[in-house]
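S.K.: Got a structure for you, questions after.
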Amino acid sequence: MDLFSPVTLGDLELTNRVAMAPLTRMRSGPLGIPGDVVVEHYAQRAGLGLIVTEGTYPVHESQAFVGQPGIVTDEQVAGWRRVADAVHARGGRIVLQVMHGGRVTHPEINGGRRVEAPSAIAIDGEARTAAGKHAYPVPHALTTAEVRERVQTFVDASRRAIEAGLDGVELHGANGYLLHEFLSPASNRREDEYGGSPENRARFVVEVATAVAEAVGAGRVGLRISPEHGIQDALEPDRDDVLATYGYLMDQLRPLGLAYLSVLHREPAGDLVQELRRRFDGPLMANSGFGSITTREEATALVDSAHADVVAVGRAVIANPDLVERWAGQHPENEQRPHLYYADGAEGYTDYPTLQAG
C-alpha cells in the first residue's frame, strides 16, 4: 500500500489515504448555516480520500465559535445537504465532525445559553466573542441525568448528518472539548459514575460512541482523540493514567467495529499511539498535530511504514485544494496565508489556485 492507494474504513471507500483534517474556519455566519462559500470550499477538496468537516455543534449550548456551523436546525441540515451533494458530485467522500464545545465557549457565543462541562472548572483563558475577548465562565457541571441526555444529543446530531447525505460522522473526543473534558483528570472532578477512575472518565465517550454506532451504523462512525495534547486545560501529564484511560476506551470500542480511530499526537508512530491502535484493532487515521505542518514526506512515511492507514492533513489542505494531485506529481505547493485562517468570506478560503488554474 502507499499514500495514493485506495483504502476502506468501515463503510467508507476512499480513493486515496490523504484525509482533510477537521479545520475550524468560522465561515457559516450568525445562524450556523453552511452557505455558498462553504459549499465551494469543500467541493474544491473532493479529490482527497476523505473530508472531515470542521467541528459542528449538535446543540445550541455547545457552539464554541462565532461563525461555527451547526447541525441543529432544518436550515443547517439543508446547508450541509448542499455541501454533501457538491462533494459527491465531484466523486468525494465527506463525514461530519460532531463537536460539543463543552466549557470552551461563552454566553456571548452560544446565544446567552449556559456553558456545560463535566465539572464546574473554568478554563484559564479568554473566549473570542463578536464583542471582543471575555474570560471563560465557570461552567455548569452536568448532572448525572444531564450527561445521559447529552448521549442522545450526539445521536440526534449524527442522524441529522446522515439525513443530510453525509457519508458518516466523526465524534470529536479531542482538543479539550466536551468528550475530552470527561477523559482528562484536570477537567473531570466528578464523583459519580462518570468521574474518578480511568474507567469512569472514559464511560461517557464509550456510551456516546456505542449509541451513535447503533443509530447510524458503526461503519459510518469515527472517533478523534488527542491524548497528551494538553490544550485548553484538558491536561493529561501522567503517561500511566493516559494509557489506563485511553487503553480502556479502546478495549470498550473494539467490539463496536467503528470505521476508524483518528489520533492527534506529536508522535503518531510512537509507542502510545501504536498501542492504542493495537487495542482499537481497526483503521488508524494519524495526525501529527499542531506543532508542525504535515509534509508529503511525513505522510508517505507513516503509510509506507504501516504506522497509519490514513493521514489527516490540515494546513497544506487549506492552501492546496488539489493537494493529492500535487503530492502525487511532486508539484510545488501554494504559499499558506495563516492570517486568513479565521477570517470571513472567500479570501484565504476558496481563492487558492489549483494546478490547472495556474
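Naming scheme: A, B, ... for chains in displayed order of the C-alpha cells; residues 1 onward per chain; ligands 1 onward as shown.
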Within 6 Å of stretch 8-15 of chain A, counting only C-alpha atoms, which residues show up once you throw out same-chain ones fewer than 2 positions away? Write them as number ranges by chain, please.

M.R.: A: 6, 49, 219-220, 259

S.K.: Skip A:Ala46 itself and residues of its chain fewer than 3 positions away, then list as a PyMOL selection string all residues within 9 Å of it, counting only C-alpha atoms.

M.R.: chain A and resi 42-43+49-51+86-94+321-322

S.K.: For the residues in the current selection, export C-alpha atoms as a PDB file, in the first residue's frame.

M.R.:
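This is the output file selection_27.pdb:
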ATOM      1  CA  TYR A  42     -15.469  21.590   0.492  1.00  0.00           C
ATOM      2  CA  ALA A  43     -16.305  20.791  -3.134  1.00  0.00           C
ATOM      3  CA  GLY A  49      -9.645  10.430   0.067  1.00  0.00           C
ATOM      4  CA  LEU A  50     -11.882  11.715   2.856  1.00  0.00           C
ATOM      5  CA  ILE A  51     -13.036  15.134   4.006  1.00  0.00           C
ATOM      6  CA  ALA A  86     -21.393  19.126  -4.092  1.00  0.00           C
ATOM      7  CA  VAL A  87     -18.633  16.863  -2.747  1.00  0.00           C
ATOM      8  CA  HIS A  88     -20.343  13.735  -4.062  1.00  0.00           C
ATOM      9  CA  ALA A  89     -20.838  15.342  -7.478  1.00  0.00           C
ATOM     10  CA  ARG A  90     -17.032  15.545  -7.713  1.00  0.00           C
ATOM     11  CA  GLY A  91     -16.538  11.961  -6.546  1.00  0.00           C
ATOM     12  CA  GLY A  92     -15.544  12.743  -2.966  1.00  0.00           C
ATOM     13  CA  ARG A  93     -16.380  11.330   0.462  1.00  0.00           C
ATOM     14  CA  ILE A  94     -17.243  13.501   3.459  1.00  0.00           C
ATOM     15  CA  PRO A 321      -7.450  22.289  -2.823  1.00  0.00           C
ATOM     16  CA  ASP A 322      -5.795  19.760  -5.163  1.00  0.00           C
TER      17      ASP A 322
END

S.K.: Tell me, as a PDB file with N, CA and C atoms, in the first residue's frame, which residues lie within 10 Å of A:Glu267, counting only C-alpha atoms; anything in the same chain fewer than 6 positions away does not count.

M.R.:
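And here is the file that came out, around04.pdb:
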ATOM      1  N   VAL A 273       0.599   5.792  20.651  1.00  0.00           N
ATOM      2  CA  VAL A 273      -0.383   5.744  19.568  1.00  0.00           C
ATOM      3  C   VAL A 273      -0.489   4.345  18.998  1.00  0.00           C
ATOM      4  N   GLN A 274       0.634   3.681  18.827  1.00  0.00           N
ATOM      5  CA  GLN A 274       0.590   2.346  18.239  1.00  0.00           C
ATOM      6  C   GLN A 274      -0.021   1.317  19.191  1.00  0.00           C
ATOM      7  N   ALA A 286      -3.870   9.001  11.274  1.00  0.00           N
ATOM      8  CA  ALA A 286      -2.858   9.685  12.078  1.00  0.00           C
ATOM      9  C   ALA A 286      -2.800  11.163  11.731  1.00  0.00           C
ATOM     10  N   ASN A 287      -2.564  11.981  12.758  1.00  0.00           N
ATOM     11  CA  ASN A 287      -2.415  13.427  12.581  1.00  0.00           C
ATOM     12  C   ASN A 287      -1.336  13.885  13.553  1.00  0.00           C
ATOM     13  N   SER A 288      -0.245  14.414  13.011  1.00  0.00           N
ATOM     14  CA  SER A 288       0.909  14.718  13.868  1.00  0.00           C
ATOM     15  C   SER A 288       0.723  15.955  14.728  1.00  0.00           C
ATOM     16  N   GLY A 289      -0.371  16.705  14.512  1.00  0.00           N
ATOM     17  CA  GLY A 289      -0.676  17.754  15.477  1.00  0.00           C
ATOM     18  C   GLY A 289      -0.397  19.155  15.034  1.00  0.00           C
TER      19      GLY A 289
END

S.K.: So how far away is atom CA of A:Gly32 from atom CA of A:Val72, in Å?

M.R.: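 Atom CA of A:Gly32 lies at a distance of 9.1 Å from atom CA of A:Val72.
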
S.K.: Sorted by chain and rising residue number, list the residues of stretch 19-138 of chain A at most 12 Å from stretch 204-216 of chain A (counting only C-alpha atoms), each with its closest atom pair and distance in Å to one decimal, as a Markdown table.

M.R.:
| residue | atom | partner | partner_atom | distance |
| --- | --- | --- | --- | --- |
| A:Val98 | CA | A:Val212 | CA | 10.8 |
| A:Met99 | CA | A:Val208 | CA | 12.0 |
| A:His100 | CA | A:Val208 | CA | 11.7 |
| A:Pro118 | CA | A:Phe204 | CA | 10.0 |

S.K.: Would you kindly return, as a ChimeraX atom specification, each protein, DNA or RNA residue with an atom no farther than 9 Å from any atom of A:Tyr57, considering only C-alpha atoms and excluding same-chain residues fewer than 3 positions away?

M.R.: /A:32,60-64,68-72,97-101,157

S.K.: Closest to A:Arg189 among A:Ala145, A:Val39, A:Arg201, A:Gln152, using only C-alpha atoms?

M.R.: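 Selected residue with least distance to A:Arg189: A:Arg201.
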
S.K.: Just how far from atom CA of A:Val311 is atom CA of A:Tyr248, in Å to one decimal?

M.R.: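 Atom CA of A:Val311 lies 24.2 Å from atom CA of A:Tyr248.
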
S.K.: Find, counting only C-alpha atoms, the residue in A:Asp238, A:Glu297, A:Glu149, A:Glu181 that gets nearest to A:Val59.

M.R.: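 Checking each candidate against A:Val59, we get A:Glu149 as the closest.
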
S.K.: Using only C-alpha atoms, can you tell me which of A:Val313, A:Leu96, A:Tyr136, A:Phe290 comes closest to A:Gly222?

M.R.: A:Leu96

S.K.: Show me, as a ChimeraX atom specification, the residues that have an atom within 12 Å of A:Asp251 when counting only C-alpha atoms, minus same-chain residues fewer than 3 positions from it.

M.R.: /A:199,202-203,206,243-248,254-257,275-282

S.K.: Just give me the gap between atom CA of A:Gln252 and atom CA of A:Arg190 in Å, one decimal is fine.

M.R.: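 It comes out at 20.9 Å.
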
S.K.: When DSSP works through the backbone of this structure, what residues of stretch 210-324 of chain A end up as helix (DSSP H, G or I), shown as a ChimeraX atom specification?

M.R.: /A:210-216,218-220,239-256,271-280,296-304,315-319,323-324
